[in-house]
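A quick write-up on the structure given underneath.
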Amino acid sequence: MLDIRDPSTFNGPDAPSDDDLSTCVHCGLCLNACPTFRVTGLETESPRGRIYLMTQWKRGELPFTEELARHVDLCLGCRTCEAVCPSGVPYGRIIEHGRAEVERLRRPNPRSVLVRQALRRLLGHPGRLRAAGAATRVAQRLRLTGLVPQSRTLPRLTGAYTPPAGEVASAIGERRYRVAFLLGCVMPIFYRSAHEASVRLLQLAGCEVWFAPGQRCCGALFAHNGDLAGREPDLAAGERTFGMEGFDYLVVNSAGCGAHLKDSSPTLGSRVRDLTELLAEIGLPEPRREQRLRVTYQDACHLVHAQRIRAQPRQLIRSLPGVELVEMAHPDICCGSAGIYNAIQPEMSRRILDEKMDDLLGADPQMVVTANPGCQMQLADAY
Ligand code: SF4
Ligand code: SF4
């Protein structure tokens with residue numbers, strides 16, 4: 001009989017629950033939506049296969065081996081399977097817990113240990129992140145990018161975003177809402193202009209924007225990589241920081257962070273809104289200028305599948321005079337970025353990106369729009 005207290009079995013406190021795993025009825029309707037199944041054609045690289053594997057591990061009917069654990073590693077955590085599953089399988093929760101349990105059981109892999117340590121040392125410390133951003137900026141200016149890991153996928157850095165004096169940006173015109181704004185960890189450093197534009201749009205929509213002082217990473221990157229303990233301090237700090245003042249909504253312009261906070265934060269979750277979600281709901285003033293542009297939209301997985309936000313970004317693009325929205329084939333299939341997946345699984349990430357590029361080039365757009373920093377970096381690297 002399987003001893004569930006045996007520390008060598010897939011049954012520790014972080015393992016996916018039997019209730020969650022048993023919701024899968026093995027119908028297979030998720031298979032063709034799964035990017036790793038689409039490029040490999042293998043049941044073991046499908047949602048159904050991974051759920052079966054974890055179930056067998058839990059029952060002690062399959063041994064836990066490094067070779068089998070690789071099928072869990074290769075999941076992007078994109079949650080496309082969850083969105084199409086007729087049985088309501090909570091796949092996002094299953095894979096977060098599955099990864100945590102795999103990491104507990106496996107022999108430490110130098111690459112993933114290094115990535116995890118680097119994440120813990122950087123993301124929870126805004127000062128260190130800014131220093132790393134400044135060093136990367138200098139390396140880019142001096143064309144020493146070979147010294148910076150993954151520098152090929154990084155945008156050209158122009159200095160970090162800093163909130164306005166007094167930590168408040170006033171509404172333009174009548175104040176209709178008071179919103180808090182999540183600065184995030186990598187967004188202010190890599191995508192300063194996206195933050196500037198997001199805040200400006202909120203102001204134009206009648207929002208007073210408050211920047212809670214002392215903000216840090218929300219913990220999403222930890223949770224999505226099976227480091228459930230690593231995310232806890234960030235989640236708790238976020239609850240304290242944003243609890244200091246009153247606001248109507250907490251606005252997030254990074255899909256992975258928004259999904260994580262909506263799913264995991266007991267006090268903030270119900271007030272979290274993606275930027276596109278809120279702007280589509282409260283409306284923007286009529287644009288004054290026309291811009292002739294053919295645009296396609298790449299859905300970020302954590303926006304379309306985890307938060308089910310599909311129509312709102314398209315509604316905003318279509319409302320721009322002169323802008324034509326052309327849909328590519330499979331806009332809601334992952335581009336292979338998936339947080340740090342492209343750094344730790346570069347081969348599979350590249351295969352998935354190649355499929356995405358075929359779809360993108362088929363639509364022949366002048367501009368690709370997406371709503372997540374990871375997708376932007378991945379697509380900019382290839383397009
Ligand atoms: S995860 Fe859902 S769609 Fe996929 S096989 Fe299981 S029940 Fe069917
Ligand atoms: S989360 Fe994405 S990659 Fe993982 S099994 Fe589901 S569809 Fe496939």
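Residue names in the structure tokens use chain letters A, B, ... in the order shown, residue numbers from 1 in each chain, and ligand numbers from 1 in the order shown.
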
### Task
Kindly compile the residues surrounding ligand 1 within 7 Å, counting only C-alpha atoms and all ligand atoms, and format them as a PyMOL selection string.
chain A and resi 23-31+47-48+81-82+84-89

Keeping C-alpha atoms, export the residues of the selection given above as a short mmCIF file (atom, residue, chain, number, x, y, z; two decimals), in the first residue's frame.
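Ended up saving to out-v1.cif:
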```cif
data_model
loop_
_atom_site.label_atom_id
_atom_site.label_comp_id
_atom_site.auth_asym_id
_atom_site.auth_seq_id
_atom_site.Cartn_x
_atom_site.Cartn_y
_atom_site.Cartn_z
CA THR A 23 -12.53 16.27 -12.70
CA CYS A 24 -10.82 15.16 -15.95
CA VAL A 25 -13.06 12.68 -17.82
CA HIS A 26 -10.37 12.03 -20.48
CA CYS A 27 -12.56 13.25 -23.34
CA GLY A 28 -9.58 14.70 -25.25
CA LEU A 29 -11.39 17.89 -26.31
CA CYS A 30 -8.42 19.92 -25.03
CA LEU A 31 -5.77 18.18 -27.10
CA PRO A 47 -3.19 18.20 -20.80
CA ARG A 48 -4.93 14.83 -20.60
CA CYS A 81 -6.84 23.56 -21.97
CA GLU A 82 -8.72 24.97 -18.98
CA VAL A 84 -11.83 24.72 -23.61
CA CYS A 85 -12.45 21.92 -21.10
CA PRO A 86 -16.17 21.04 -20.79
CA SER A 87 -15.64 19.43 -17.37
CA GLY A 88 -14.24 22.53 -15.68
CA VAL A 89 -10.83 21.00 -14.92
#
```

### Task
Find the residues near segment 237-253 of chain A: any atom within 9 Å, counting only C-alpha atoms, skip ones fewer than 2 places away on the same chain, and give them as a PyMOL selection string.
chain A and resi 177-184+187+194-195+198+210-218+232-235+255+257-258+265-276+278+371-373

Keeping only N, CA and C atoms, write the selected residues as a compact mmCIF listing (two decimals), in the first residue's frame.
```txt
# COMPACT_ATOMS: atom_id res chain seq x y z
N TYR A 177 -13.26 57.91 -11.01
CA TYR A 177 -12.80 56.76 -10.21
C TYR A 177 -11.45 57.08 -9.59
N ARG A 178 -11.16 56.36 -8.50
CA ARG A 178 -9.79 56.38 -7.96
C ARG A 178 -9.26 54.95 -8.10
N VAL A 179 -8.20 54.80 -8.88
CA VAL A 179 -7.67 53.46 -9.09
C VAL A 179 -6.24 53.38 -8.55
N ALA A 180 -5.88 52.19 -8.08
CA ALA A 180 -4.48 51.92 -7.73
C ALA A 180 -3.84 51.29 -8.97
N PHE A 181 -2.55 51.49 -9.14
CA PHE A 181 -1.85 50.97 -10.32
C PHE A 181 -0.73 50.05 -9.88
N LEU A 182 -0.72 48.82 -10.41
CA LEU A 182 0.36 47.88 -10.07
C LEU A 182 1.57 48.18 -10.94
N LEU A 183 2.66 48.61 -10.31
CA LEU A 183 3.88 48.89 -11.08
C LEU A 183 4.52 47.60 -11.59
N GLY A 184 4.46 46.54 -10.77
CA GLY A 184 5.08 45.28 -11.16
C GLY A 184 6.58 45.32 -11.01
N MET A 187 7.97 45.29 -15.50
CA MET A 187 7.32 46.27 -16.39
C MET A 187 7.95 47.66 -16.32
N ALA A 194 5.09 51.70 -21.90
CA ALA A 194 3.78 51.06 -21.73
C ALA A 194 3.11 51.57 -20.44
N HIS A 195 3.92 51.74 -19.38
CA HIS A 195 3.37 52.29 -18.13
C HIS A 195 2.93 53.74 -18.34
N SER A 198 -0.26 53.70 -20.29
CA SER A 198 -1.37 53.14 -19.50
C SER A 198 -1.92 54.18 -18.53
N TRP A 210 -3.44 56.11 -8.23
CA TRP A 210 -2.61 56.09 -7.02
C TRP A 210 -1.55 54.99 -7.12
N PHE A 211 -0.31 55.34 -6.80
CA PHE A 211 0.79 54.38 -6.84
C PHE A 211 1.18 54.07 -5.40
N ALA A 212 0.73 52.93 -4.89
CA ALA A 212 1.05 52.59 -3.50
C ALA A 212 2.57 52.54 -3.32
N PRO A 213 3.12 53.28 -2.33
CA PRO A 213 4.58 53.27 -2.17
C PRO A 213 5.07 51.91 -1.65
N GLY A 214 6.30 51.57 -2.02
CA GLY A 214 6.90 50.31 -1.53
C GLY A 214 6.39 49.07 -2.23
N GLN A 215 5.81 49.22 -3.42
CA GLN A 215 5.32 48.04 -4.15
C GLN A 215 6.48 47.15 -4.57
N ARG A 216 6.19 45.86 -4.69
CA ARG A 216 7.19 44.91 -5.20
C ARG A 216 6.48 43.87 -6.06
N CYS A 217 7.22 42.87 -6.50
CA CYS A 217 6.67 41.82 -7.37
C CYS A 217 5.42 41.20 -6.74
N CYS A 218 4.41 40.84 -7.57
CA CYS A 218 3.17 40.26 -7.03
C CYS A 218 3.32 38.78 -6.72
N GLU A 232 4.71 33.67 -1.42
CA GLU A 232 3.94 34.09 -0.24
C GLU A 232 4.32 35.47 0.30
N PRO A 233 5.65 35.76 0.48
CA PRO A 233 5.98 37.09 1.02
C PRO A 233 5.48 38.21 0.12
N ASP A 234 5.53 37.99 -1.21
CA ASP A 234 5.11 39.03 -2.13
C ASP A 234 3.60 39.24 -2.08
N LEU A 235 2.87 38.14 -1.99
CA LEU A 235 1.40 38.24 -1.93
C LEU A 235 0.99 38.99 -0.65
N ALA A 255 -0.67 40.61 -18.08
CA ALA A 255 -1.71 39.58 -17.96
C ALA A 255 -1.40 38.54 -16.87
N CYS A 257 0.36 38.84 -14.11
CA CYS A 257 0.20 39.40 -12.75
C CYS A 257 -1.29 39.54 -12.42
N GLY A 258 -2.08 40.01 -13.39
CA GLY A 258 -3.51 40.19 -13.15
C GLY A 258 -4.17 38.86 -12.83
N SER A 265 -5.27 36.47 -4.44
CA SER A 265 -5.28 37.48 -3.38
C SER A 265 -6.67 37.59 -2.75
N PRO A 266 -6.79 37.20 -1.49
CA PRO A 266 -8.13 37.22 -0.86
C PRO A 266 -8.72 38.62 -0.75
N THR A 267 -7.88 39.64 -0.49
CA THR A 267 -8.46 40.97 -0.27
C THR A 267 -8.47 41.84 -1.52
N LEU A 268 -7.54 41.58 -2.45
CA LEU A 268 -7.45 42.45 -3.63
C LEU A 268 -8.13 41.85 -4.85
N GLY A 269 -8.19 40.51 -4.91
CA GLY A 269 -8.60 39.80 -6.13
C GLY A 269 -9.84 40.35 -6.82
N SER A 270 -10.91 40.62 -6.05
CA SER A 270 -12.18 41.03 -6.68
C SER A 270 -12.10 42.45 -7.26
N ARG A 271 -11.09 43.24 -6.84
CA ARG A 271 -10.99 44.60 -7.37
C ARG A 271 -9.94 44.72 -8.48
N VAL A 272 -9.28 43.62 -8.80
CA VAL A 272 -8.25 43.67 -9.85
C VAL A 272 -8.92 43.75 -11.22
N ARG A 273 -8.46 44.67 -12.07
CA ARG A 273 -8.95 44.79 -13.45
C ARG A 273 -7.75 44.90 -14.38
N ASP A 274 -7.79 44.15 -15.47
CA ASP A 274 -6.80 44.40 -16.51
C ASP A 274 -7.08 45.77 -17.11
N LEU A 275 -6.02 46.44 -17.57
CA LEU A 275 -6.19 47.78 -18.14
C LEU A 275 -7.24 47.78 -19.26
N THR A 276 -7.17 46.81 -20.17
CA THR A 276 -8.10 46.78 -21.30
C THR A 276 -9.53 46.52 -20.82
N LEU A 278 -10.85 47.40 -17.93
CA LEU A 278 -11.42 48.59 -17.31
C LEU A 278 -11.72 49.67 -18.36
N ALA A 371 -0.83 42.20 -24.89
CA ALA A 371 -1.06 42.88 -23.61
C ALA A 371 -0.27 42.24 -22.48
N ASN A 372 0.93 41.78 -22.80
CA ASN A 372 1.75 41.13 -21.77
C ASN A 372 3.22 41.29 -22.13
N PRO A 373 4.07 41.65 -21.16
CA PRO A 373 5.47 41.91 -21.51
C PRO A 373 6.19 40.70 -22.09
```

### Query
Taking into account only C-alpha atoms and all ligand atoms, which residue in the set A:Ala259, A:Leu122, A:Cys207, A:Ala306 is nearest to ligand 2?
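Smallest distance to ligand 2 is found for A:Ala306.
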
#### Entry: Nearby polymer residues, ligand 2, at most 9 Å, only C-alpha atoms and all ligand atoms, as a PyMOL selection string
chain A and resi 30-38+45-51+72+74-83+91-92+95+301+333-334

### Message
For the alpha helix (DSSP H) assignment from backbone DSSP, which residues of segment 84-320 of chain A qualify? Please present them as an MDAnalysis selection string.
### Response
chainID A and resid 84 91:105 110:123 126:141 187:190 192:204 220:224 228:242 255:264 275:282 301:304 311:318

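The protein and nucleic acid residues lying at most 9 Å from segment 285-290 of chain A are A:Leu204, A:Ala205, A:Ser319, A:Leu320, A:Pro321, A:Gly322, A:Val323, with only C-alpha atoms considered and sequence neighbours fewer than 5 positions away removed.
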
### Query
Quick one: DSSP strand (DSSP E) residues in segment 30-192 of chain A, as JSON, numbers by chain?
{"A": [168, 169, 177, 178, 179, 180, 181]}

File dump, residues just selected, C-alpha atoms, as a PDB file, in the first residue's frame:
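Wrote it out as part-v3.pdb, contents follow:
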```pdb
ATOM      1  CA  VAL A 168      -0.825  60.343  -7.511  1.00  0.00           C
ATOM      2  CA  ALA A 169      -1.619  61.198 -11.153  1.00  0.00           C
ATOM      3  CA  TYR A 177     -12.798  56.765 -10.213  1.00  0.00           C
ATOM      4  CA  ARG A 178      -9.790  56.379  -7.965  1.00  0.00           C
ATOM      5  CA  VAL A 179      -7.666  53.458  -9.089  1.00  0.00           C
ATOM      6  CA  ALA A 180      -4.483  51.916  -7.735  1.00  0.00           C
ATOM      7  CA  PHE A 181      -1.855  50.967 -10.324  1.00  0.00           C
TER       8      PHE A 181
END
```

### Task
Please provide as number ranges by chain all residues within 9 Å of Asp299 of chain A, with the sequence filter that same-chain residues fewer than 4 positions apart are discarded (counting only C-alpha atoms).
A: 303-305, 309-310, 313, 331-334, 369-372, 375

### Task
Tell me, in Å to one decimal, how far atom CA of Ala15 of chain A is from atom CA of Glu101 of chain A.
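If I compute the distance from atom CA of Ala15 of chain A to atom CA of Glu101 of chain A, I get 5.2 Å.
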
### Query
If you count only C-alpha atoms, which residues fall within 10 Å of Thr40 of chain A, apart from same-chain ones fewer than 6 positions away, as number ranges by chain?
A: 46, 348, 351-352

Please produce a file of the residues just selected, as a PDB file, in the first residue's frame, where the atoms kept are C-alpha atoms.
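What follows is the written file result-v4.pdb:
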```
ATOM      1  CA  SER A  46      -1.063  17.011 -23.745  1.00  0.00           C
ATOM      2  CA  MET A 348      10.119  23.809 -27.341  1.00  0.00           C
ATOM      3  CA  ARG A 351       9.054  25.369 -32.066  1.00  0.00           C
ATOM      4  CA  ILE A 352       5.892  26.977 -30.739  1.00  0.00           C
TER       5      ILE A 352
END
```

#### Entry: Residue neighbourhood Leu293 of chain A, 9 Å, only C-alpha atoms, exclusion window fewer than 5 positions, as a ChimeraX atom specification
/A:322-325,365-367
